[in-house]
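Enquirer: What follows is a structure written as structure tokens; I'll ask about it next.
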Amino acid sequence: FKHKPPSALLRSLVGSEMCIRDRISVESAVDSLIARLNGSCRLISTMRRHGSSLSKTKLRLNMATKLVWASCYDLGLCYAYASNVQFERIEICIRKVIKSAGLDWMTTRDTIYQVSTRLPPRIIAIKQVIQLGIKFLEPNIIKQRRYNIPRTDTDSLKPFWKVFISEFEKLPFSLRESIIGLLKPNDKVRMDRIKYLLKSYFWKLV
């Protein structure tokens, strides 16, 4: 049973943008994510030259949504290590990408998420954290503890693991039971099923 992802795994997920020494600096990773989103925003804005009909706006909206998903592969790690201010910068940029498809700039944030990702960035990040964190669980140990995660005295010093424990144990008991029952990290079919269960749960939640 491991209490946090090893540094090598974090580097593989975020490249060289997350500095890992005695502590983790997420500033470069946040800046890189924002740069990707800003690039997507420019691309979608350029597409608006081809017309503003409803069908073309819908096409741009679908493209903007796909670009947001593609840009936010490390959103969960940024969420775990970034400050509130840093994460708010990411949220603003995500909404800018979607709005650039042709939405009114006064469109509310809830509406923006409803017509695009269907989930707000914070929930997307939490889902990513859970999906990554469960790969480090030993199913038999979790079952013995009624699907709760063992604690250690140093958990508070591990930001990612602290967030993962908190968010995983907020899930309904039945969902945690289903996830652990399916858990086999190297089995793509099972992991895809777990992702679907989490997505369905969060869709209903929001």
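Residue numbers start at 1 in each chain; chains themselves are named A, B, ... in the order of the structure tokens; ligands are numbered from 1 in the order shown.
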Can you list, as a PyMOL selection string, every protein, DNA or RNA residue that comes within 10 Å of region 42-47 of chain A when you count only C-alpha atoms, leaving out same-chain residues fewer than 6 positions away?
Expert: chain A and resi 56-57+59-61+63-64+67+96-102
Enquirer: Could those residues be written to a file, using C-alpha atoms, as a short mmCIF file (atom, residue, chain, number, x, y, z; two decimals), in the first residue's frame?
Expert:
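Saved to result.cif:
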data_model
loop_
_atom_site.label_atom_id
_atom_site.label_comp_id
_atom_site.auth_asym_id
_atom_site.auth_seq_id
_atom_site.Cartn_x
_atom_site.Cartn_y
_atom_site.Cartn_z
CA LYS A 56 -21.23 26.83 -37.13
CA THR A 57 -21.47 28.07 -33.56
CA LEU A 59 -19.40 23.18 -34.39
CA ARG A 60 -17.06 25.66 -32.71
CA LEU A 61 -18.56 24.86 -29.31
CA MET A 63 -14.35 21.89 -30.93
CA ALA A 64 -13.75 24.23 -27.98
CA LEU A 67 -9.72 21.36 -26.82
CA LYS A 96 -12.75 31.93 -22.16
CA VAL A 97 -12.14 29.00 -24.51
CA ILE A 98 -15.81 27.99 -24.44
CA LYS A 99 -17.07 31.58 -24.78
CA SER A 100 -14.79 32.15 -27.77
CA ALA A 101 -16.97 29.72 -29.74
CA GLY A 102 -19.54 32.51 -30.00
#
Enquirer: Could you state the separation of CA of Val115 (chain A) and CA of Phe202 (chain A) in Å, given to one decimal place?
Expert: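 These two atoms are separated by 15.7 Å.
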Enquirer: Which parts of region 105-199 of chain A does DSSP call alpha helix (DSSP H) when run on the backbone here, written out as an MDAnalysis selection string?
Expert: chainID A and resid 109:114 121:133 139:144 159:168 173:182 188:199
Enquirer: For Ile180 (chain A), find every residue with an atom within 8 Å (counting only C-alpha atoms), except residues of its own chain fewer than 5 positions away, and show them as a compact mmCIF listing (two decimals) with C-alpha atoms, in the first residue's frame.
Expert:
# COMPACT_ATOMS: atom_id res chain seq x y z
CA PRO A 139 -8.10 -3.57 -2.77
CA ILE A 142 -9.53 -1.21 1.56
CA LYS A 143 -12.22 -3.91 1.73
CA TYR A 147 -13.80 0.94 1.84
Enquirer: Pick out the residues sitting within 9 Å of region 203-206 of chain A, and hand them over as a ChimeraX atom specification; count only C-alpha atoms, and ignore anything fewer than 6 positions along from it in its own chain.
Expert: /A:118-120,123
Enquirer: Mind listing the strand (DSSP E) residues of chain A, per DSSP on the backbone, as a list in words?
Expert: Cys19, Ile20, Ile24 and Ser25 of chain A
Enquirer: Using only N, CA and C atoms, please write the residues we just selected to a file, as an mmCIF file, in the first residue's frame.
Expert:
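The resulting file, part-v6.cif, is shown below:
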data_model
loop_
_atom_site.group_PDB
_atom_site.id
_atom_site.type_symbol
_atom_site.label_atom_id
_atom_site.label_comp_id
_atom_site.auth_asym_id
_atom_site.auth_seq_id
_atom_site.Cartn_x
_atom_site.Cartn_y
_atom_site.Cartn_z
ATOM 1 N N CYS A 19 8.071 20.937 -10.750
ATOM 2 C CA CYS A 19 9.375 20.756 -10.125
ATOM 3 C C CYS A 19 9.217 19.965 -8.829
ATOM 4 N N ILE A 20 9.971 18.874 -8.709
ATOM 5 C CA ILE A 20 9.847 18.026 -7.532
ATOM 6 C C ILE A 20 11.203 17.943 -6.845
ATOM 7 N N ILE A 24 6.806 20.379 -3.904
ATOM 8 C CA ILE A 24 6.374 20.443 -5.294
ATOM 9 C C ILE A 24 5.962 21.866 -5.640
ATOM 10 N N SER A 25 6.538 22.393 -6.699
ATOM 11 C CA SER A 25 6.160 23.703 -7.199
ATOM 12 C C SER A 25 5.298 23.508 -8.421
#
Enquirer: List every residue of region 104-165 of chain A that has an atom at most 9 Å from any atom of region 190-201 of chain A, and for each one report the closest atom pair and its distance in Å to one decimal, counting only C-alpha atoms, with rows sorted by chain and then by increasing residue number, as JSON lines.
Expert:
{"residue": "A:Leu119", "atom": "CA", "partner": "A:Lys199", "partner_atom": "CA", "distance": 9.0}
{"residue": "A:Ile124", "atom": "CA", "partner": "A:Lys199", "partner_atom": "CA", "distance": 8.8}
{"residue": "A:Lys127", "atom": "CA", "partner": "A:Leu198", "partner_atom": "CA", "distance": 6.8}
{"residue": "A:Ile130", "atom": "CA", "partner": "A:Leu198", "partner_atom": "CA", "distance": 8.8}
{"residue": "A:Gln131", "atom": "CA", "partner": "A:Lys195", "partner_atom": "CA", "distance": 7.0}
Enquirer: Got time to write the residues from that selection, N, CA and C atoms, as a short mmCIF file (atom, residue, chain, number, x, y, z; two decimals), in the first residue's frame?
Expert:
data_model
loop_
_atom_site.label_atom_id
_atom_site.label_comp_id
_atom_site.auth_asym_id
_atom_site.auth_seq_id
_atom_site.Cartn_x
_atom_site.Cartn_y
_atom_site.Cartn_z
N LEU A 119 -19.35 19.42 -16.62
CA LEU A 119 -18.80 19.41 -15.26
C LEU A 119 -17.93 20.65 -15.07
N ILE A 124 -14.03 18.18 -12.46
CA ILE A 124 -13.16 17.46 -13.38
C ILE A 124 -11.83 17.11 -12.70
N LYS A 127 -12.26 14.36 -10.09
CA LYS A 127 -12.40 13.07 -10.77
C LYS A 127 -11.03 12.54 -11.19
N ILE A 130 -9.11 11.26 -8.11
CA ILE A 130 -9.60 9.96 -7.67
C ILE A 130 -9.10 8.86 -8.61
N GLN A 131 -9.20 9.10 -9.93
CA GLN A 131 -8.77 8.10 -10.90
C GLN A 131 -7.29 7.77 -10.76
#
Enquirer: Which residues come within 9 Å of region 154-166 of chain A, counting only C-alpha atoms, excluding same-chain residues fewer than 5 positions away, as number ranges by chain?
Expert: A: 3-5, 76-77, 79-81, 126, 129-130, 132-134, 148-149
Enquirer: Rank nothing, just name the residue among A:Arg146, A:Lys188, A:Trp69, A:Val30 nearest to Phe173 (chain A), using only C-alpha atoms.
Expert: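 Going through A:Arg146, A:Lys188, A:Trp69, A:Val30 one by one, the smallest distance to Phe173 (chain A) is for A:Arg146.
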Enquirer: Between CA of Leu37 (chain A) and CA of Glu167 (chain A), what is the spacing in Å?
Expert: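 For CA of Glu167 (chain A) relative to CA of Leu37 (chain A), the distance reads 26.0 Å.
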Enquirer: Using only C-alpha atoms, which of the listed residues (A:Leu103, A:Glu27, A:Arg145, A:Asn186) sits closest to Lys58 (chain A)?
Expert: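 The shortest atom-to-atom distance to Lys58 (chain A) comes from A:Leu103.
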